[in-house]
Amino acid sequence: MFDLLKTSKKSQARLGILHTAHGQIQTPFFMPIATKAAIKSLEVPEVKELGAEIILSNTYHNYLRPGLVVIKKFGGLHKFMNCDLPILTDSGGYQVFSLSKMRQIKGDNITFTSYLDGSKHILNPKKVIDIQVALGSDIMMVLDECVGLPAERQDIVNALVRTSRWAGQALAYKKKLEQKNSTIKKQLLFGIVQGGDQKDLRQRSAKEITSLAFDGFAIGGLAVGESNKIMYQIVKYTAPLLPENRPRYLMGVGYPENIIEAVKSGVDMFDCVIPTREARHGKLYIWSSSFPRRRESRVPFSGSFYKTINITNAKFAKDTSPINDQVLKNYSKAYLHHLFKTQEPLALKLATMNNVHFYLELMKKIRMAIKQNRL
């Protein structure tokens with residue numbers, strides 16, 4: 001399922017291959033976000049052309065709309081959205097817990113109110129597995145409790161205990177379903193380590209979660225209010241606690257520099273809304289002018305290796321230079337500026353293509369740097 005090919009001589013950075021039902025993926029990798037069964041403004045073939053080998057979709061949102069009746073009619077999320085790439089679905093736990101005023105926890109059931117129509121719904125560890133089985137995810141995530149930081153220690157402990165209990169229930173339930181339907185064996189299931197910003201609690205959570213036979217392990221509860229310094233510290237001491245022969249996933253992170261630091265600590269998988277969300281507001285990620293253009297070049301992943309620009313600024317109104325010199329070399333910054341100012345839908349597509357390509361190209365350069373022991 002996961003082949004670890006190399007560990008860098010310079011850091012804990014790793015190269016590997018993750019095998020899924022819909023294909024293999026080179027690690028480390030970044031997953032473009034298709035929250036509601038669509039990458040914002042892009043089709044799956046376009047995302048593949050940009051270099052994506054896997055995408056992420058959301059259990060919570062797809063459960064509410066279009067709903068499982070529709071998804072099952074199509075035989076799963078892949079056919080529904082015409083996607084032949086592997087799909088990871090997160091459990092929906094983060095969305096439920098971020099809507100604290102709209103949910104209640106009683107035992108192992110989370111009762112929440114739909115943000116769409118006010119209807120009442122219940123999620124629990126088993127139901128989340130049922131939903132993801134119906135979605136046909138290549139990688140499923142267990143239901144966990146994410147606590148924003150900073151937080152009281154007791155709140156972190158409570159979330160840890162609940163997360164560990166739910167992880168055990170989810171894994172046992174999947175094993176039970178596999179006995180009735182062998183195709184479910186092809187769906188990978190990942191456990192999630194919590195513990196907030198407390199080292200001993202991270203160690204405790206990692207010990208409890210890794211004692212279970214998950215296909216991979218995630219570090220959750222980060223990029224939720226803590227500083228980069230604290231995030232890096234937590235990742236650095238948590239990643240080595242996870243099995244070497246399983247993929248390691250840092251959930252919801254982040255900016256390019258965050259990804260690089262986490263890769264150096266031994267993380268293999270990433271996702272974040274940043275490239276697509278910021279594209280919709282005209283914020284573009286581009287390589288610094290001094291950054292080597294060739295993928296195999298000796299890339300200095302330090303200092304200002306990239307920059308962001310706001311294409312809606314007036315200074316770009318007459319800028320004849322290309323948006324980037326690769327996938328969008330035939331479109332000028334002035335043209336994209338014009339599209340945003342006139343609210344043309346094409347603006348969102350081109351900006352999203354730029355940012356998603358930047359992130360995917362970043363991962364290719366990272367993999368090359370690991371191969372050459374430069375990262």
# chains A, B, ... in the order shown; residues from 1 in each chain; ligands from 1

call {"tool": "residues_around", "arguments": {"residues": "Leu4 (chain A)", "least_positions_apart": "6", "cutoff": "10 Å", "atoms": "only C-alpha atoms", "output": "ChimeraX atom specification"}}
result
/A:14-18,27,244-247

call {"tool": "write_last_selection", "arguments": {"atoms": "C-alpha atoms", "output": "PDB file, in the first residue's frame"}}
result
ATOM      1  CA  ARG A  14      10.854  11.106   2.569  1.00  0.00           C
ATOM      2  CA  LEU A  15      10.077   9.893  -0.930  1.00  0.00           C
ATOM      3  CA  GLY A  16       7.460   7.218  -1.405  1.00  0.00           C
ATOM      4  CA  ILE A  17       4.597   5.838  -3.448  1.00  0.00           C
ATOM      5  CA  LEU A  18       1.072   5.490  -2.079  1.00  0.00           C
ATOM      6  CA  THR A  27       4.876  11.398  -2.049  1.00  0.00           C
ATOM      7  CA  GLU A 244       7.794   4.673   9.205  1.00  0.00           C
ATOM      8  CA  ASN A 245       6.059   2.253   6.848  1.00  0.00           C
ATOM      9  CA  ARG A 246       2.799   4.210   6.689  1.00  0.00           C
ATOM     10  CA  PRO A 247       1.993   7.545   4.996  1.00  0.00           C
TER      11      PRO A 247
END

call {"tool": "select_by_dssp", "arguments": {"residues": "region 87-190 of chain A", "states": "strand (DSSP E or B)", "output": "PyMOL selection string"}}
result
chain A and resi 87-90+103-106+109-113+120-123+139-141+188-190

call {"tool": "closest_atom_pairs", "arguments": {"of": "region 163-258 of chain A", "to": "region 302-320 of chain A", "cutoff": "12 Å", "atoms": "only C-alpha atoms", "output": "JSON lines"}}
result
{"residue": "A:Tyr255", "atom": "CA", "partner": "A:Tyr306", "partner_atom": "CA", "distance": 10.8}
{"residue": "A:Pro256", "atom": "CA", "partner": "A:Tyr306", "partner_atom": "CA", "distance": 8.5}
{"residue": "A:Glu257", "atom": "CA", "partner": "A:Ser302", "partner_atom": "CA", "distance": 8.4}
{"residue": "A:Asn258", "atom": "CA", "partner": "A:Ser302", "partner_atom": "CA", "distance": 11.7}

call {"tool": "write_last_selection", "arguments": {"atoms": "C-alpha atoms", "output": "PDB file, in the first residue's frame"}}
result
ATOM      1  CA  TYR A 255       1.462  27.958   3.022  1.00  0.00           C
ATOM      2  CA  PRO A 256       4.491  26.893   0.928  1.00  0.00           C
ATOM      3  CA  GLU A 257       6.957  27.485   3.764  1.00  0.00           C
ATOM      4  CA  ASN A 258       4.741  25.425   6.122  1.00  0.00           C
TER       5      ASN A 258
END

call {"tool": "select_by_dssp", "arguments": {"residues": "region 294-374 of chain A", "states": "alpha helix (DSSP H)", "output": "JSON, numbers by chain"}}
result
{"A": [333, 334, 335, 336, 337, 338, 339, 340, 341, 346, 347, 348, 349, 350, 351, 352, 353, 354, 355, 356, 357, 358, 359, 360, 361, 362, 363, 364, 365, 366, 367, 368, 369, 370, 371]}

call {"tool": "write_last_selection", "arguments": {"atoms": "N, CA and C atoms", "output": "compact mmCIF listing (two decimals), in the first residue's frame"}}
result
# COMPACT_ATOMS: atom_id res chain seq x y z
N LYS A 333 -0.73 39.67 -17.38
CA LYS A 333 -1.27 40.13 -16.10
C LYS A 333 -2.31 41.20 -16.31
N ALA A 334 -2.11 42.04 -17.33
CA ALA A 334 -3.10 43.09 -17.64
C ALA A 334 -4.45 42.47 -17.99
N TYR A 335 -4.40 41.38 -18.74
CA TYR A 335 -5.65 40.72 -19.13
C TYR A 335 -6.36 40.14 -17.91
N LEU A 336 -5.61 39.48 -17.02
CA LEU A 336 -6.24 38.92 -15.83
C LEU A 336 -6.77 40.03 -14.92
N HIS A 337 -6.04 41.13 -14.83
CA HIS A 337 -6.50 42.31 -14.08
C HIS A 337 -7.85 42.76 -14.64
N HIS A 338 -7.93 42.85 -15.95
CA HIS A 338 -9.17 43.26 -16.62
C HIS A 338 -10.32 42.30 -16.31
N LEU A 339 -10.04 41.00 -16.33
CA LEU A 339 -11.09 40.02 -16.06
C LEU A 339 -11.65 40.15 -14.65
N PHE A 340 -10.77 40.41 -13.69
CA PHE A 340 -11.25 40.60 -12.32
C PHE A 340 -12.06 41.89 -12.20
N LYS A 341 -11.59 42.93 -12.81
CA LYS A 341 -12.28 44.22 -12.71
C LYS A 341 -13.66 44.19 -13.37
N LEU A 346 -13.95 33.91 -16.19
CA LEU A 346 -12.65 33.39 -16.61
C LEU A 346 -11.54 33.82 -15.65
N ALA A 347 -11.73 34.94 -14.97
CA ALA A 347 -10.73 35.41 -14.01
C ALA A 347 -10.46 34.36 -12.94
N LEU A 348 -11.53 33.78 -12.41
CA LEU A 348 -11.39 32.78 -11.35
C LEU A 348 -10.68 31.54 -11.85
N LYS A 349 -10.99 31.15 -13.08
CA LYS A 349 -10.36 29.96 -13.65
C LYS A 349 -8.87 30.14 -13.83
N LEU A 350 -8.47 31.26 -14.43
CA LEU A 350 -7.05 31.49 -14.69
C LEU A 350 -6.26 31.66 -13.39
N ALA A 351 -6.83 32.38 -12.44
CA ALA A 351 -6.13 32.58 -11.16
C ALA A 351 -6.00 31.26 -10.41
N THR A 352 -7.04 30.44 -10.44
CA THR A 352 -6.99 29.14 -9.78
C THR A 352 -5.98 28.23 -10.45
N MET A 353 -5.95 28.23 -11.78
CA MET A 353 -4.95 27.44 -12.50
C MET A 353 -3.54 27.84 -12.09
N ASN A 354 -3.31 29.13 -11.96
CA ASN A 354 -1.98 29.61 -11.57
C ASN A 354 -1.59 29.07 -10.20
N ASN A 355 -2.49 29.21 -9.23
CA ASN A 355 -2.14 28.83 -7.85
C ASN A 355 -2.04 27.33 -7.65
N VAL A 356 -2.96 26.57 -8.25
CA VAL A 356 -2.90 25.13 -8.12
C VAL A 356 -1.64 24.60 -8.80
N HIS A 357 -1.31 25.14 -9.97
CA HIS A 357 -0.08 24.73 -10.64
C HIS A 357 1.14 25.06 -9.80
N PHE A 358 1.15 26.23 -9.15
CA PHE A 358 2.28 26.61 -8.30
C PHE A 358 2.49 25.58 -7.20
N TYR A 359 1.41 25.19 -6.52
CA TYR A 359 1.52 24.24 -5.42
C TYR A 359 1.97 22.87 -5.90
N LEU A 360 1.43 22.42 -7.03
CA LEU A 360 1.81 21.11 -7.55
C LEU A 360 3.24 21.12 -8.06
N GLU A 361 3.66 22.22 -8.65
CA GLU A 361 5.05 22.34 -9.10
C GLU A 361 5.99 22.41 -7.91
N LEU A 362 5.55 23.06 -6.84
CA LEU A 362 6.33 23.10 -5.60
C LEU A 362 6.61 21.69 -5.11
N MET A 363 5.58 20.82 -5.13
CA MET A 363 5.77 19.45 -4.66
C MET A 363 6.73 18.68 -5.56
N LYS A 364 6.68 18.91 -6.87
CA LYS A 364 7.63 18.26 -7.78
C LYS A 364 9.06 18.68 -7.46
N LYS A 365 9.25 19.97 -7.19
CA LYS A 365 10.58 20.48 -6.87
C LYS A 365 11.05 19.93 -5.52
N ILE A 366 10.12 19.79 -4.58
CA ILE A 366 10.46 19.21 -3.28
C ILE A 366 10.91 17.76 -3.45
N ARG A 367 10.17 17.00 -4.26
CA ARG A 367 10.55 15.60 -4.46
C ARG A 367 11.93 15.48 -5.11
N MET A 368 12.21 16.35 -6.06
CA MET A 368 13.51 16.34 -6.70
C MET A 368 14.61 16.69 -5.70
N ALA A 369 14.35 17.67 -4.83
CA ALA A 369 15.33 18.08 -3.84
C ALA A 369 15.61 16.96 -2.83
N ILE A 370 14.58 16.19 -2.47
CA ILE A 370 14.77 15.06 -1.56
C ILE A 370 15.63 14.00 -2.25
N LYS A 371 15.31 13.73 -3.52
CA LYS A 371 16.06 12.73 -4.28
C LYS A 371 17.54 13.07 -4.33

call {"tool": "atom_distance", "arguments": {"atom1": "CA of Gly51 (chain A)", "atom2": "CA of Asp3 (chain A)"}}
result
20.7 Å

call {"tool": "closest_residue", "arguments": {"among": "A:Val273, A:Leu5, A:Glu53, A:Gln203", "to": "Phe29 (chain A)", "atoms": "only C-alpha atoms"}}
result
A:Glu53

call {"tool": "closest_residue", "arguments": {"among": "A:Lys229, A:Lys185, A:Arg153, A:Arg65", "to": "Ala37 (chain A)", "atoms": "only C-alpha atoms"}}
result
A:Arg65

call {"tool": "closest_residue", "arguments": {"among": "A:Ala52, A:Leu201, A:Ile286, A:Ile219", "to": "Ala262 (chain A)", "atoms": "only C-alpha atoms"}}
result
A:Ile219

call {"tool": "closest_atom_pairs", "arguments": {"of": "region 195-232 of chain A", "to": "region 129-152 of chain A", "cutoff": "10 Å", "atoms": "only C-alpha atoms", "output": "CSV"}}
result
residue,atom,partner,partner_atom,distance
A:Gly195,CA,A:Val147,CA,8.7
A:Gly196,CA,A:Val147,CA,6.9
A:Asp197,CA,A:Leu149,CA,7.6
A:Phe214,CA,A:Val142,CA,9.9
A:Asp215,CA,A:Ile139,CA,9.0
A:Gly216,CA,A:Ile139,CA,9.1
A:Phe217,CA,A:Met141,CA,9.2
A:Ala218,CA,A:Met141,CA,8.7
A:Gly220,CA,A:Cys146,CA,7.1
A:Gly221,CA,A:Cys146,CA,5.2
A:Leu222,CA,A:Gly148,CA,8.1
A:Ala223,CA,A:Leu149,CA,8.7
A:Val224,CA,A:Gly148,CA,5.1
A:Gly225,CA,A:Leu149,CA,5.0
A:Glu226,CA,A:Leu149,CA,5.7
A:Ser227,CA,A:Leu149,CA,9.5

call {"tool": "write_last_selection", "arguments": {"atoms": "N, CA and C atoms", "output": "compact mmCIF listing (two decimals), in the first residue's frame"}}
result
# COMPACT_ATOMS: atom_id res chain seq x y z
N GLY A 195 -4.18 16.22 20.34
CA GLY A 195 -3.33 16.55 21.48
C GLY A 195 -2.98 18.02 21.60
N GLY A 196 -3.56 18.85 20.72
CA GLY A 196 -3.35 20.29 20.83
C GLY A 196 -1.88 20.67 20.77
N ASP A 197 -1.50 21.62 21.62
CA ASP A 197 -0.11 22.09 21.66
C ASP A 197 0.64 21.53 22.87
N PHE A 214 -4.35 1.07 11.32
CA PHE A 214 -4.78 1.97 10.24
C PHE A 214 -3.82 1.88 9.06
N ASP A 215 -4.30 2.28 7.89
CA ASP A 215 -3.47 2.26 6.68
C ASP A 215 -2.54 3.46 6.61
N GLY A 216 -2.85 4.51 7.33
CA GLY A 216 -2.03 5.70 7.39
C GLY A 216 -2.43 6.53 8.59
N PHE A 217 -1.64 7.57 8.86
CA PHE A 217 -1.87 8.36 10.06
C PHE A 217 -1.75 9.85 9.75
N ALA A 218 -2.64 10.61 10.36
CA ALA A 218 -2.67 12.05 10.15
C ALA A 218 -2.37 12.79 11.44
N GLY A 220 -3.62 15.96 13.15
CA GLY A 220 -4.73 16.90 13.08
C GLY A 220 -4.59 18.01 14.11
N GLY A 221 -5.53 18.93 14.07
CA GLY A 221 -5.57 19.98 15.08
C GLY A 221 -4.48 21.02 14.97
N LEU A 222 -3.95 21.26 13.77
CA LEU A 222 -2.97 22.32 13.56
C LEU A 222 -3.48 23.31 12.51
N ALA A 223 -2.82 24.46 12.44
CA ALA A 223 -3.30 25.58 11.61
C ALA A 223 -4.69 26.00 12.09
N VAL A 224 -4.87 25.98 13.43
CA VAL A 224 -6.16 26.35 14.02
C VAL A 224 -5.98 27.47 15.05
N GLY A 225 -4.98 28.33 14.81
CA GLY A 225 -4.79 29.47 15.69
C GLY A 225 -3.41 29.60 16.29
N GLU A 226 -2.60 28.54 16.20
CA GLU A 226 -1.25 28.60 16.77
C GLU A 226 -0.28 29.27 15.80
N SER A 227 0.87 29.69 16.31
CA SER A 227 1.90 30.32 15.46
C SER A 227 2.62 29.26 14.63

call {"tool": "closest_residue", "arguments": {"among": "A:Thr210, A:Asn58, A:Gln104, A:Asn82", "to": "Ile33 (chain A)", "atoms": "only C-alpha atoms"}}
result
A:Asn58

call {"tool": "closest_residue", "arguments": {"among": "A:Thr35, A:Ser332, A:Gln187, A:Gln233", "to": "Lys174 (chain A)", "atoms": "only C-alpha atoms"}}
result
A:Gln187

call {"tool": "atom_distance", "arguments": {"atom1": "CA of Lys6 (chain A)", "atom2": "CA of Met269 (chain A)"}}
result
15.5 Å

call {"tool": "closest_residue", "arguments": {"among": "A:Leu188, A:Phe112, A:Lys126, A:Lys40", "to": "Thr20 (chain A)", "atoms": "only C-alpha atoms"}}
result
A:Leu188

call {"tool": "residues_around", "arguments": {"residues": "Pro240 (chain A)", "least_positions_apart": "3", "cutoff": "10 Å", "atoms": "only C-alpha atoms", "output": "count of residues only"}}
result
11

call {"tool": "atom_distance", "arguments": {"atom1": "CA of Ala279 (chain A)", "atom2": "CA of Phe30 (chain A)"}}
result
16.6 Å
